[in-house]
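Notes to accompany the following structure.
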Amino acid sequence: MTLSTVAITGMGAVSALGPGVMAQLEGLRNGRSGITRSTVLGLPFPELHFGEVPLTQEQLARSSGVAADRSRTVLLGLLAAREAMEHVPLDRPERCALLSASTVGGMDRTAQVAAAWSKGHMQEAALAMGHPVGDHALHLARALGIGGHVSTLSTACSSSANAILLGASMLRAGMVDMVLAGGTDALSTFTVHGFRSLSAMDPEPCRPFSEDRNGMNLGEGAAYLVMEREVDARTSGRTPLALVLGAANANDAHHQTATSPDGAGPYRAMSLALEQAGLAKEQVDMINAHGTGTGNNDLTEQLAMERLFGIPPPFVSTKAVTGHTLAAAGALEAVFSVLSIQHGFVPANLRWSNPISGLNAAPCTEILRITIDHVLSTSFGFGGNDTALVLSKA
Amino acid sequence: MSSPIASDRLQFPGVDLIPKGMSRRLTAPLRSSLGCALAALDQAEITVPDGIHYGTGLGCLTDTEAFIREIDTNEGGLLSPTSFMRSTHNTVAGLLALALKATGPNLTYSQGLFSLHGALLSARLHFLEDQQARVLAGASDEYIPLLDDLANTLLPSLTKVVRPELREGAGFVVLGSVQGVIPVRITEVWTGSADLAPRVMHGPMDLVILGPHWPKGPLPHSPAGCRTIHQQELSGVHQSVPAQSLVHAVDLIRSGEVSSVWISDREQDRAGLIHVERC
């Protein structure tokens with residue numbers, strides 16, 4: 001432990017596996033999938049599969065303690081953030097930062113009326129107040145009594161991984177004493193239409209890293225982690241759940257939505273994260289991969305892994321379980337990584353059948369029980385935004 | 001640094017610095033934001049920044065609205081993905097990385113009026129970890145007529161004469177941890193509860209630049225002799241006004257008019273402060 005080591009002392013999560021960290025653990029340990037056709041939200045294109053949180057708006061509102069007419073992004077965020085902070089006292093609110101992440105914001109509500117607005121029919125105009133992606137963070141900060149810096153990162157699918165990265169940096173720099181970092185995104189018709197327009201969605205449950213993969217399943221969820229300097233946590237009697245040993249962000253600078261053919265950006269992010277953590281590649285016990293199930297991502301990501309590791313350690317995409325939760329993915333998968341460390345298992349990469357043509361490795365297709373000291377967790381977003389985190393046993 | 005004051009898109013600097021192939025395919029506001037950023041880099045004689053730290057309150061509104069219209073008119077069919085791809089908040093930062101082949105850290109913040117503050121804090125952390133870095137930091141926001149329609153609906157008691165004009169704008173600076181040709185430094189970037197702001201503002205204060213929503217007149221606790229500028233009278237109202245305030249402050253310090261400037265922004269119960277001074 002050094003003065004600058006960053007510890008995780010609280011976690012909260014909600015996904016297609018249900019509400020709460022224990023629901024995530026139970027689902028992952030039993031190889032369960034939360035991917036179904038839309039049953040809660042009545043999303044368009046009934047043939048598609050999604051990772052819906054199995055709670056209605058009213059149920060979420062009751063769990064979150066707010067009105068049901070709030071954006072689902074806010075409700076999911078509140079549920080996860082409250083769980084994370086449940087056992088962590090907020091001694092100095094002005095020294096605690098909230099670093100959140102979202103791409104959808106209030107679009108789950110405004111998408112339903114925005115077309116009418118554009119034609120001059122201004123019904124439900126008040127929904128616009130909750131539209132900005134940063135609005136949810138204000139709700140969370142007020143609900144939890146966080147008085148310090150509040151900021152929302154929005155770098156598409158790497159957003160909440162970047163929130164964790166930024167939080168670790170702020171703690172090491174002594175700018176704050178505590179950070180609640182994470183992200184939240186609800187399913188919305190806007191993103192369903194958007195990813196469908198990119199021909200990026202598999203109508204069937206997705207098959208990450210499989211040769212016959214055919215795209216992603218959109219999901220929704222939220223996850224937050226409480227982070228402190230390890231020395232402060234232990235002094236206060238709080239046992240770290242895990243450590244954030246390394247974090248790096250790099251830009252692929254190749255295309256707005258596709259990764260470069262050789263996976264340069266992902267390779268760079270992973271390498272820099274390991275360098276910051278002071279780890280040799282042989283010390284990585286597991287990779288929680290981005291693994292969306294699209295042709296481009298899984299090919300380039302596995303290329304980057306094989307370029308860096310030769311033979312990669314056991315790797316898995318948990319998006320086959322939860323769907324792609326967009327801005328929440330980085331934090332949700334960081335929670336999964338901590339669970340892997342705590343309970344000594346690699347979750348199964350569901351529905352895999354054959355290796356990607358031209359590549360050698362296969363993901364972990366059965367639950368693997370091993371000692372895990374270090375996990376590399378990756379998240380890659382539109383705009384070539386590539387982030388890697390190193391999470392380690394405390 | 002580079003900051004167009006008016007929302008007349010023809011006057012935005014640096015648009016000719018955008019690669020032609022890219023420029024043709026962009027909306028006018030995206031071209032303006034990119035041009036502004038590239039102009040700042042050009043002025044600093046930097047080809048590739050070590051990092052890009054960007055803020056936007058509402059993101060790419062033009063493309064977002066375009067995709068919503070596309071959904072409405074073509075629901076059920078396969079839609080064109082271009083507007084959707086550009087609707088993400090990190091589009092400007094991503095396009096800059098593409099145009100410049102900038103592979104360093106690239107972070108986008110969206111927190112209303114405090115989006116720039118997130119970007120500046122991020123830039124500061126970048127320097128702490130790489131003291132040789134030179135980074136691009138800034139913010140931009142777009143205007144679409146729908147914003148006026150919503151404001152007129154939500155604030156019917158205010159006419160345009162009373163309600164400040166909604167506009168758009170951008171402001172970018174190139175930052176390094178070592179003094180360059182511009183003898184100005186940023187010494188404080190802070191956001192938090194509005195009631196804590198007076199405790200943060202201290203030291204010499206020649207000028208305070210107030211952002212949108214401040215009432216007319218000087219800041220209540222500013223010292224005697226301290227000037228006050230209401231930036232919205234120059235920029236109109238949009239969520240990246242702090243970025244234009246920052247560039248304005250740097251301009252005034254360079255001209256010798258002032259030595260120490262506080263930029264103060266307020267939104268609901270939260271406040272943001274930036275302090276800029278002559279080196």
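Residue names in the structure tokens use chain letters A, B, ... in the order shown, residue numbers from 1 in each chain, and ligand numbers from 1 in the order shown.
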Open item on the list: Quick one: residues within 10 Å of B:Gly77, only C-alpha atoms, excluding same-chain residues fewer than 4 positions away - as a ChimeraX atom specification?
Closed with: /A:193,196-197 /B:70-71,73
Polymer residues at most 10 Å from A:Ala223, only C-alpha atoms, same-chain spacing of 6 or more positions, as a PDB file with N, CA and C atoms, in the first residue's frame:
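The resulting out.pdb:
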ATOM      1  N   MET A  11     -20.113  -0.750  -3.265  1.00  0.00           N
ATOM      2  CA  MET A  11     -20.581  -1.012  -4.632  1.00  0.00           C
ATOM      3  C   MET A  11     -22.090  -1.108  -4.649  1.00  0.00           C
ATOM      4  N   GLY A  12     -22.665  -0.701  -5.787  1.00  0.00           N
ATOM      5  CA  GLY A  12     -24.097  -0.887  -5.999  1.00  0.00           C
ATOM      6  C   GLY A  12     -24.340  -1.142  -7.468  1.00  0.00           C
ATOM      7  N   ALA A  13     -25.355  -1.951  -7.780  1.00  0.00           N
ATOM      8  CA  ALA A  13     -25.581  -2.280  -9.178  1.00  0.00           C
ATOM      9  C   ALA A  13     -27.020  -2.724  -9.424  1.00  0.00           C
ATOM     10  N   VAL A  14     -27.467  -2.488 -10.651  1.00  0.00           N
ATOM     11  CA  VAL A  14     -28.753  -3.018 -11.114  1.00  0.00           C
ATOM     12  C   VAL A  14     -28.600  -3.287 -12.606  1.00  0.00           C
ATOM     13  N   SER A  15     -29.104  -4.445 -13.051  1.00  0.00           N
ATOM     14  CA  SER A  15     -28.987  -4.805 -14.460  1.00  0.00           C
ATOM     15  C   SER A  15     -30.119  -5.767 -14.808  1.00  0.00           C
ATOM     16  N   GLY A  20     -29.339  -4.960  -7.238  1.00  0.00           N
ATOM     17  CA  GLY A  20     -28.428  -5.285  -6.149  1.00  0.00           C
ATOM     18  C   GLY A  20     -27.229  -6.100  -6.573  1.00  0.00           C
ATOM     19  N   VAL A  21     -26.120  -5.887  -5.830  1.00  0.00           N
ATOM     20  CA  VAL A  21     -24.889  -6.613  -6.130  1.00  0.00           C
ATOM     21  C   VAL A  21     -25.075  -8.117  -5.939  1.00  0.00           C
ATOM     22  N   LEU A  76     -32.714   4.219 -12.062  1.00  0.00           N
ATOM     23  CA  LEU A  76     -31.689   3.171 -12.011  1.00  0.00           C
ATOM     24  C   LEU A  76     -30.462   3.674 -11.254  1.00  0.00           C
ATOM     25  N   GLY A  77     -30.061   4.897 -11.563  1.00  0.00           N
ATOM     26  CA  GLY A  77     -28.886   5.469 -10.910  1.00  0.00           C
ATOM     27  C   GLY A  77     -29.053   5.588  -9.404  1.00  0.00           C
ATOM     28  N   LEU A  78     -30.216   6.041  -8.989  1.00  0.00           N
ATOM     29  CA  LEU A  78     -30.463   6.197  -7.550  1.00  0.00           C
ATOM     30  C   LEU A  78     -30.395   4.859  -6.833  1.00  0.00           C
ATOM     31  N   LEU A  79     -30.986   3.861  -7.438  1.00  0.00           N
ATOM     32  CA  LEU A  79     -31.015   2.541  -6.810  1.00  0.00           C
ATOM     33  C   LEU A  79     -29.591   2.038  -6.582  1.00  0.00           C
ATOM     34  N   ALA A  80     -28.759   2.116  -7.613  1.00  0.00           N
ATOM     35  CA  ALA A  80     -27.386   1.615  -7.503  1.00  0.00           C
ATOM     36  C   ALA A  80     -26.525   2.492  -6.598  1.00  0.00           C
ATOM     37  N   ALA A  81     -26.681   3.802  -6.722  1.00  0.00           N
ATOM     38  CA  ALA A  81     -25.853   4.716  -5.927  1.00  0.00           C
ATOM     39  C   ALA A  81     -26.160   4.587  -4.436  1.00  0.00           C
ATOM     40  N   GLU A  83     -27.217   1.951  -2.901  1.00  0.00           N
ATOM     41  CA  GLU A  83     -26.632   0.692  -2.411  1.00  0.00           C
ATOM     42  C   GLU A  83     -25.133   0.869  -2.164  1.00  0.00           C
ATOM     43  N   ALA A  84     -24.461   1.557  -3.094  1.00  0.00           N
ATOM     44  CA  ALA A  84     -23.018   1.736  -2.945  1.00  0.00           C
ATOM     45  C   ALA A  84     -22.663   2.497  -1.674  1.00  0.00           C
ATOM     46  N   SER A 100     -20.240  10.733 -12.467  1.00  0.00           N
ATOM     47  CA  SER A 100     -21.202   9.807 -13.047  1.00  0.00           C
ATOM     48  C   SER A 100     -21.030   9.765 -14.566  1.00  0.00           C
ATOM     49  N   ALA A 101     -21.867   8.987 -15.215  1.00  0.00           N
ATOM     50  CA  ALA A 101     -21.760   8.806 -16.656  1.00  0.00           C
ATOM     51  C   ALA A 101     -23.123   8.444 -17.226  1.00  0.00           C
ATOM     52  N   SER A 160     -18.478   5.262 -18.025  1.00  0.00           N
ATOM     53  CA  SER A 160     -18.335   5.037 -16.581  1.00  0.00           C
ATOM     54  C   SER A 160     -16.971   4.452 -16.233  1.00  0.00           C
ATOM     55  N   ALA A 181     -18.196   6.921  -8.090  1.00  0.00           N
ATOM     56  CA  ALA A 181     -17.985   6.892  -9.538  1.00  0.00           C
ATOM     57  C   ALA A 181     -18.803   5.778 -10.154  1.00  0.00           C
ATOM     58  N   GLY A 182     -19.397   6.067 -11.306  1.00  0.00           N
ATOM     59  CA  GLY A 182     -20.165   5.028 -11.989  1.00  0.00           C
ATOM     60  C   GLY A 182     -20.977   5.597 -13.114  1.00  0.00           C
ATOM     61  N   GLY A 183     -22.057   4.915 -13.460  1.00  0.00           N
ATOM     62  CA  GLY A 183     -22.867   5.393 -14.562  1.00  0.00           C
ATOM     63  C   GLY A 183     -24.218   4.717 -14.623  1.00  0.00           C
ATOM     64  N   THR A 184     -25.091   5.301 -15.438  1.00  0.00           N
ATOM     65  CA  THR A 184     -26.454   4.789 -15.564  1.00  0.00           C
ATOM     66  C   THR A 184     -27.003   5.106 -16.949  1.00  0.00           C
ATOM     67  N   ASP A 185     -27.664   4.145 -17.554  1.00  0.00           N
ATOM     68  CA  ASP A 185     -28.350   4.377 -18.821  1.00  0.00           C
ATOM     69  C   ASP A 185     -29.585   3.498 -18.871  1.00  0.00           C
ATOM     70  N   ALA A 327     -23.373   3.566 -21.274  1.00  0.00           N
ATOM     71  CA  ALA A 327     -22.531   4.315 -20.335  1.00  0.00           C
ATOM     72  C   ALA A 327     -22.325   3.583 -19.025  1.00  0.00           C
ATOM     73  N   ALA A 328     -23.256   2.724 -18.639  1.00  0.00           N
ATOM     74  CA  ALA A 328     -23.129   2.005 -17.369  1.00  0.00           C
ATOM     75  C   ALA A 328     -22.181   0.816 -17.461  1.00  0.00           C
ATOM     76  N   ALA A 329     -21.826   0.408 -18.675  1.00  0.00           N
ATOM     77  CA  ALA A 329     -21.103  -0.854 -18.865  1.00  0.00           C
ATOM     78  C   ALA A 329     -19.777  -0.902 -18.106  1.00  0.00           C
ATOM     79  N   GLY A 330     -18.991   0.157 -18.193  1.00  0.00           N
ATOM     80  CA  GLY A 330     -17.670   0.145 -17.556  1.00  0.00           C
ATOM     81  C   GLY A 330     -17.757  -0.092 -16.060  1.00  0.00           C
ATOM     82  N   ALA A 331     -18.657   0.617 -15.396  1.00  0.00           N
ATOM     83  CA  ALA A 331     -18.805   0.477 -13.947  1.00  0.00           C
ATOM     84  C   ALA A 331     -19.440  -0.855 -13.588  1.00  0.00           C
ATOM     85  N   LEU A 332     -20.428  -1.287 -14.367  1.00  0.00           N
ATOM     86  CA  LEU A 332     -21.079  -2.570 -14.086  1.00  0.00           C
ATOM     87  C   LEU A 332     -20.063  -3.703 -14.192  1.00  0.00           C
ATOM     88  N   GLU A 333     -19.233  -3.630 -15.212  1.00  0.00           N
ATOM     89  CA  GLU A 333     -18.238  -4.682 -15.402  1.00  0.00           C
ATOM     90  C   GLU A 333     -17.090  -4.555 -14.401  1.00  0.00           C
ATOM     91  N   ALA A 334     -16.870  -3.356 -13.870  1.00  0.00           N
ATOM     92  CA  ALA A 334     -15.920  -3.215 -12.762  1.00  0.00           C
ATOM     93  C   ALA A 334     -16.472  -3.919 -11.519  1.00  0.00           C
ATOM     94  N   VAL A 335     -17.767  -3.778 -11.269  1.00  0.00           N
ATOM     95  CA  VAL A 335     -18.404  -4.506 -10.150  1.00  0.00           C
ATOM     96  C   VAL A 335     -18.253  -6.009 -10.363  1.00  0.00           C
TER      97      VAL A 335
END
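Minimum distance to chain A across B:Asp72, B:Glu168, B:Glu233, B:Asp63 (counting only C-alpha atoms) occurs at B:Asp72.
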TODO: Determine the nearest neighbour of chain A from the options B:Gly236, B:Gly217, B:Gly225, B:Gly118, counting only C-alpha atoms.
DONE: B:Gly118
TODO: Just need the residues of chain A within 6 Å of chain B, counting only C-alpha atoms, so spit them out as a PyMOL selection string.
DONE: chain A and resi 115+132+134+147-149+151-155+194+197-198+249-253+383
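Shortest separation to A:Leu391 among A:Pro261, A:Pro240, A:Gly219, A:Gly31 occurs at residue A:Pro240, atoms counted being only C-alpha atoms.
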- [ ] Looking only at strand (DSSP E or B) from DSSP on the backbone, list the matching residues of stretch 125-295 of chain A as a ChimeraX atom specification.
- [x] /A:150-153,178-185,201,216,218-219,221-229,242-251,286-288
TODO: Among the residues of stretch 172-251 of chain A, find those DSSP assigns to alpha helix (DSSP H) from the backbone and print them as a PyMOL selection string.
DONE: chain A and resi 172+189-197+230-235
Task: Using only C-alpha atoms: which of B:Cys36, B:Val48, B:Met201, B:Val247 has the shortest distance to B:Ala133 - done: B:Val48
Task: Distance criterion (only C-alpha atoms): nearest to A:Ile35 out of A:Gly323, A:Gly358, A:Gly120, A:Gly145 - done: A:Gly323
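Rounded to one decimal, atom CA of A:Ala320 and atom CA of A:Trp352 lie 9.5 Å from each other.
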Open item on the list: I'd like the contact shell of B:Leu30 - 9 Å cut-off, only C-alpha atoms, skipping same-chain residues fewer than 5 positions apart - returned as a PyMOL selection string.
Closed with: chain B and resi 23+35+60+62+91-92+142
Open item on the list: Given only C-alpha atoms as the basis, pick out the residue of B:Asp148, B:Asp16, B:Asp130, B:Asp141 nearest to B:Ala243.
Closed with: B:Asp141
TODO: List the neighbours of A:His343 out to 10 Å using only C-alpha atoms; skip same-chain residues closer than 5 positions along the sequence, and give me the result as a PyMOL selection string.
DONE: chain A and resi 25+29+337-338+369-372
Residue subset to file, keeping N, CA and C atoms, as a JSON list (two decimals), in the first residue's frame:
[["chain", "number", "residue", "atom", "x", "y", "z"],
["A", 25, "LEU", "N", -24.14, -11.24, -8.49],
["A", 25, "LEU", "CA", -23.30, -12.38, -8.12],
["A", 25, "LEU", "C", -24.03, -13.70, -8.35],
["A", 29, "ARG", "N", -22.75, -16.43, -11.06],
["A", 29, "ARG", "CA", -22.27, -17.73, -10.54],
["A", 29, "ARG", "C", -23.09, -18.89, -11.09],
["A", 337, "SER", "N", -15.96, -7.49, -12.01],
["A", 337, "SER", "CA", -14.55, -7.82, -11.83],
["A", 337, "SER", "C", -14.22, -7.97, -10.34],
["A", 338, "VAL", "N", -14.76, -7.07, -9.53],
["A", 338, "VAL", "CA", -14.53, -7.16, -8.07],
["A", 338, "VAL", "C", -15.15, -8.45, -7.53],
["A", 369, "ARG", "N", -13.32, -21.69, -11.74],
["A", 369, "ARG", "CA", -13.00, -21.31, -10.35],
["A", 369, "ARG", "C", -11.49, -21.30, -10.17],
["A", 370, "ILE", "N", -10.93, -20.10, -10.02],
["A", 370, "ILE", "CA", -9.49, -19.92, -9.84],
["A", 370, "ILE", "C", -9.26, -18.76, -8.88],
["A", 371, "THR", "N", -8.07, -18.67, -8.37],
["A", 371, "THR", "CA", -7.70, -17.50, -7.57],
["A", 371, "THR", "C", -7.46, -16.34, -8.52],
["A", 372, "ILE", "N", -8.10, -15.23, -8.25],
["A", 372, "ILE", "CA", -7.95, -14.07, -9.12],
["A", 372, "ILE", "C", -7.41, -12.91, -8.30]]
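Counting from atom CA of A:Asn385, the distance to atom CA of A:Ala304 is 14.8 Å.
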